[in-house]
Amino acid sequence: MGSDSAAQPASPVVLKGFSRSEWSLLLVLVAVQFTHMVDFVIIMPLGNRLMAELSLTESQFGWIVSAYAWAAGLASLAASLVMDRFDRRTVLLTMYAGFTVSTMLCGLAPNFELLILARFLAGTFGGVAAVALNAIIGDVFPPHRRGRATGALMSAFAFATIAGLPIGLALAHWFGRSAPFYAIAAVSVVVWIVGWYFLPPLRGHITNDRKSKLEEFFAVAREPNHLKAFAFSFFLVLGTFTVASFTAPYFGRINNWGESELAIIYFFAGLFTLVSMNVVGRLADRYPRRPLFQVLAGGAIVMALVMSNLPPTHLWVATVVLTLFMGFAAGRMIPAQTILLGAATPRVRGAFLSLNTAVQHLGTGAASAIGGLLIGSDMSGFPIVGLVSAATAAISLVLIVFIRPAPFDRAVSPVADVQYSQEVPSIEPEPKPTAA
């Protein structure tokens, strides 16, 4: 069983604040993630409007929703062949440009066929851009500072929930179904320009002694430590989305609530998650990450069981229950992601993260399918869904113990990349292991 001691000190450390250049970089990454997350989640609350205005059936709308996730998974799988052969900056800006154009096409699409094509393109470019974001975090920030950087990046999802969704829905109400996509595309253009200016070249992972694309792909895919990480990611996502995908319909059905009541619940849950994720990020840099993950994951399991067995109740009770579930579920992702970032060497980190993202999308699709089969048309199967969620999440509690930090690669360390360290002297190289 591995320990993450090589990736961070076991005892509390003095946390060093980010420099101005680091904050500039991090804010650009968070802005990219925010627009990506808003684009990903806005389609679901727009469902009734899209079905009415485009004359879509429920089945067609389901395909539109799933197209994004499947495209992101397939694109991440394909990107694993070449991700580490290009400058991270080039990959991110190219994929983000494609995402911006695809989002604009979502607003322009006049029918089902063109809308599903636009969503597939948005998922393709957005999925690979998300992989590049995490690879940059792993390359730029040394292990003992990745927790806060990851927490800031992942807080974009909470901010998208409490700010992006309400604004997007308001725009749709005032100007029609296309307005949210036009707004996301416009903001993305501004973010792309800022990113082009602030993002430094990141080429430290590029080497000349690489195997062929397929040889390198299979080497990454067969690495035992990577396989353990993939299994962990699959069960972690499965344990979250089996119950999370059906929480809103369940609460609405048993309490006779509409969109306004659910909006209140998710607003406060998102607000709490936004704050808590940054707190957890600091804890992940100060204390061992495996125990931190296990505590938070244990809390998520308990709250999943509570939530899936909640009877008709007051609005404030449901708000507290969902807030705690989201806080624990989102919080555990920060130590989990920091451990995953250290599971591969820098030269194959992009390929590893691409494959891991594809596995996570597979888990997301499987979770929705399993939940849909078990829950029933009257939501009576939701307690069973909660048990499945708890069981699969418990498996991830065990699997994380077996993920080892990758050995330090003396030939390449993007953290110490000269072109970036000249601009940001405070970024230290990853520590080399001492002799046994």
# chains A, B, ... in the order shown; residues from 1 in each chain; ligands from 1
$ select_by_dssp --residues "range 141-380 of chain A" --states "alpha helix (DSSP H)" --output "NGL selection string"
:A and (146-159 or 165-175 or 179-198 or 213-222 or 224-244 or 247-255 or 259-286 or 289-308 or 315-341 or 349-375)
$ residues_around --residues "Asn255 in chain A" --least-positions-apart "4" --cutoff "7 Å" --atoms "only C-alpha atoms" --output "list in words"
Phe251, Pro312 and Thr313 of chain A
$ closest_residue --among "A:Ser188, A:Thr242, A:Thr94, A:Thr124" --to "Val30 in chain A" --atoms "only C-alpha atoms"
A:Ser188
$ residues_around --residues "Arg349 in chain A" --least-positions-apart "5" --cutoff "9 Å" --atoms "only C-alpha atoms" --output "number ranges by chain"
A: 83-84, 135, 138-139, 205, 341-344, 354
$ atom_distance --atom1 "CA of Phe125 in chain A" --atom2 "CA of Phe99 in chain A"
5.0 Å
$ closest_residue --among "A:Ile162, A:Ile184, A:Met326, A:Ile395" --to "Ala31 in chain A" --atoms "only C-alpha atoms"
A:Ile184
$ atom_distance --atom1 "CA of Val140 in chain A" --atom2 "CA of Gly126 in chain A"
21.0 Å
$ residues_around --residues "Met154 in chain A" --least-positions-apart "5" --cutoff "10 Å" --atoms "only C-alpha atoms" --output "mmCIF file with N, CA and C atoms, in the first residue's frame"
data_model
loop_
_atom_site.group_PDB
_atom_site.id
_atom_site.type_symbol
_atom_site.label_atom_id
_atom_site.label_comp_id
_atom_site.auth_asym_id
_atom_site.auth_seq_id
_atom_site.Cartn_x
_atom_site.Cartn_y
_atom_site.Cartn_z
ATOM 1 N N VAL A 30 -9.307 29.308 -13.835
ATOM 2 C CA VAL A 30 -10.626 29.269 -13.199
ATOM 3 C C VAL A 30 -11.685 29.845 -14.138
ATOM 4 N N GLN A 33 -12.482 27.272 -16.727
ATOM 5 C CA GLN A 33 -13.293 26.213 -16.113
ATOM 6 C C GLN A 33 -14.722 26.684 -15.859
ATOM 7 N N PHE A 34 -14.885 27.935 -15.458
ATOM 8 C CA PHE A 34 -16.217 28.472 -15.184
ATOM 9 C C PHE A 34 -17.085 28.455 -16.440
ATOM 10 N N MET A 37 -18.002 24.914 -17.312
ATOM 11 C CA MET A 37 -18.995 24.340 -16.415
ATOM 12 C C MET A 37 -20.390 24.905 -16.673
ATOM 13 N N ASN A 134 -6.112 20.710 -15.880
ATOM 14 C CA ASN A 134 -5.564 19.924 -14.780
ATOM 15 C C ASN A 134 -4.095 19.587 -14.997
ATOM 16 N N ARG A 148 -4.513 23.796 -2.830
ATOM 17 C CA ARG A 148 -5.176 25.097 -2.945
ATOM 18 C C ARG A 148 -5.455 25.448 -4.397
ATOM 19 N N ALA A 149 -4.511 25.131 -5.275
ATOM 20 C CA ALA A 149 -4.733 25.419 -6.695
ATOM 21 C C ALA A 149 -5.903 24.594 -7.243
ATOM 22 N N PHE A 159 -19.384 28.097 -8.380
ATOM 23 C CA PHE A 159 -19.711 29.448 -8.836
ATOM 24 C C PHE A 159 -20.625 29.402 -10.055
ATOM 25 N N THR A 273 -20.674 25.187 -0.959
ATOM 26 C CA THR A 273 -19.620 24.427 -1.632
ATOM 27 C C THR A 273 -18.503 25.340 -2.112
ATOM 28 N N LEU A 274 -18.864 26.533 -2.598
ATOM 29 C CA LEU A 274 -17.866 27.489 -3.067
ATOM 30 C C LEU A 274 -16.882 27.842 -1.957
ATOM 31 N N MET A 277 -14.854 24.402 -0.555
ATOM 32 C CA MET A 277 -13.833 23.802 -1.408
ATOM 33 C C MET A 277 -12.495 24.517 -1.263
ATOM 34 N N ASN A 278 -12.527 25.818 -1.070
ATOM 35 C CA ASN A 278 -11.269 26.531 -0.865
ATOM 36 C C ASN A 278 -10.676 26.236 0.508
ATOM 37 N N GLY A 281 -9.124 22.871 0.126
ATOM 38 C CA GLY A 281 -7.878 22.996 -0.629
ATOM 39 C C GLY A 281 -6.697 23.337 0.259
ATOM 40 N N ALA A 330 -18.154 17.249 -3.061
ATOM 41 C CA ALA A 330 -17.233 18.105 -3.810
ATOM 42 C C ALA A 330 -15.903 18.242 -3.085
ATOM 43 N N GLY A 331 -15.953 18.326 -1.762
ATOM 44 C CA GLY A 331 -14.723 18.471 -0.994
ATOM 45 C C GLY A 331 -13.781 17.293 -1.150
ATOM 46 N N MET A 333 -13.268 15.581 -3.676
ATOM 47 C CA MET A 333 -12.632 15.576 -4.983
ATOM 48 C C MET A 333 -11.296 16.314 -4.982
ATOM 49 N N ILE A 334 -11.103 17.227 -4.035
ATOM 50 C CA ILE A 334 -9.852 18.003 -4.029
ATOM 51 C C ILE A 334 -8.665 17.134 -3.609
ATOM 52 N N GLN A 337 -8.154 14.582 -6.409
ATOM 53 C CA GLN A 337 -7.528 15.088 -7.628
ATOM 54 C C GLN A 337 -6.044 15.374 -7.430
#
$ residues_around --residues "Trp196 in chain A" --least-positions-apart "4" --cutoff "9 Å" --atoms "only C-alpha atoms" --output "list of chain:residue names"
A:Arg89, A:Leu93, A:Val191, A:Trp192, A:Pro200
$ residues_around --residues "Gly127 in chain A" --least-positions-apart "3" --cutoff "12 Å" --atoms "only C-alpha atoms" --output "PyMOL selection string"
chain A and resi 32-33+36-37+39-40+67-80+91-92+95-96+98-99+119-124+130-134+353-358+360-361
$ write_last_selection --atoms "C-alpha atoms" --output "PDB file, in the first residue's frame"
ATOM      1  CA  VAL A  32     -11.880  28.839 -18.475  1.00  0.00           C
ATOM      2  CA  GLN A  33     -13.293  26.213 -16.113  1.00  0.00           C
ATOM      3  CA  HIS A  36     -16.907  25.267 -19.464  1.00  0.00           C
ATOM      4  CA  MET A  37     -18.995  24.340 -16.415  1.00  0.00           C
ATOM      5  CA  ASP A  39     -21.988  25.462 -20.740  1.00  0.00           C
ATOM      6  CA  PHE A  40     -22.089  21.898 -19.401  1.00  0.00           C
ATOM      7  CA  ALA A  67     -23.874  13.933 -26.331  1.00  0.00           C
ATOM      8  CA  TYR A  68     -21.701  16.400 -24.434  1.00  0.00           C
ATOM      9  CA  ALA A  69     -20.458  13.844 -21.887  1.00  0.00           C
ATOM     10  CA  TRP A  70     -19.870  11.078 -24.433  1.00  0.00           C
ATOM     11  CA  ALA A  71     -18.027  13.464 -26.746  1.00  0.00           C
ATOM     12  CA  ALA A  72     -15.813  14.660 -23.887  1.00  0.00           C
ATOM     13  CA  GLY A  73     -14.994  11.069 -22.974  1.00  0.00           C
ATOM     14  CA  LEU A  74     -14.152  10.004 -26.529  1.00  0.00           C
ATOM     15  CA  ALA A  75     -12.122  13.157 -27.153  1.00  0.00           C
ATOM     16  CA  SER A  76     -10.163  12.657 -23.936  1.00  0.00           C
ATOM     17  CA  LEU A  77      -9.414   9.083 -24.970  1.00  0.00           C
ATOM     18  CA  ALA A  78      -8.137  10.251 -28.369  1.00  0.00           C
ATOM     19  CA  ALA A  79      -6.196  13.146 -26.838  1.00  0.00           C
ATOM     20  CA  SER A  80      -4.219  10.742 -24.669  1.00  0.00           C
ATOM     21  CA  VAL A  91      -3.384  22.790 -26.394  1.00  0.00           C
ATOM     22  CA  LEU A  92      -5.521  24.820 -23.991  1.00  0.00           C
ATOM     23  CA  MET A  95      -9.248  23.601 -27.583  1.00  0.00           C
ATOM     24  CA  TYR A  96     -10.804  26.613 -25.860  1.00  0.00           C
ATOM     25  CA  GLY A  98     -12.977  25.357 -30.578  1.00  0.00           C
ATOM     26  CA  PHE A  99     -15.185  25.278 -27.483  1.00  0.00           C
ATOM     27  CA  ARG A 119     -23.204  19.873 -28.330  1.00  0.00           C
ATOM     28  CA  PHE A 120     -20.951  17.042 -29.503  1.00  0.00           C
ATOM     29  CA  LEU A 121     -18.374  19.560 -30.735  1.00  0.00           C
ATOM     30  CA  ALA A 122     -18.619  21.570 -27.500  1.00  0.00           C
ATOM     31  CA  GLY A 123     -18.037  18.410 -25.477  1.00  0.00           C
ATOM     32  CA  THR A 124     -15.102  17.414 -27.671  1.00  0.00           C
ATOM     33  CA  ALA A 130     -10.535  20.544 -19.083  1.00  0.00           C
ATOM     34  CA  VAL A 131      -7.782  17.908 -19.255  1.00  0.00           C
ATOM     35  CA  ALA A 132      -5.269  20.604 -20.232  1.00  0.00           C
ATOM     36  CA  LEU A 133      -6.350  22.714 -17.228  1.00  0.00           C
ATOM     37  CA  ASN A 134      -5.564  19.924 -14.780  1.00  0.00           C
ATOM     38  CA  LEU A 353      -5.272  12.626 -17.195  1.00  0.00           C
ATOM     39  CA  SER A 354      -6.903  12.215 -20.614  1.00  0.00           C
ATOM     40  CA  LEU A 355      -7.498   8.516 -19.992  1.00  0.00           C
ATOM     41  CA  ASN A 356      -8.656   9.216 -16.450  1.00  0.00           C
ATOM     42  CA  THR A 357     -11.157  11.779 -17.738  1.00  0.00           C
ATOM     43  CA  ALA A 358     -12.499   9.249 -20.234  1.00  0.00           C
ATOM     44  CA  GLN A 360     -14.769   9.382 -15.302  1.00  0.00           C
ATOM     45  CA  HIS A 361     -17.180  10.129 -18.160  1.00  0.00           C
TER      46      HIS A 361
END
$ closest_residue --among "A:Ala118, A:Val359, A:Leu27, A:Leu214" --to "Phe230 in chain A" --atoms "only C-alpha atoms"
A:Val359
$ closest_residue --among "A:Ala391, A:Leu374, A:Ala336, A:Met51" --to "Ala229 in chain A" --atoms "only C-alpha atoms"
A:Ala336
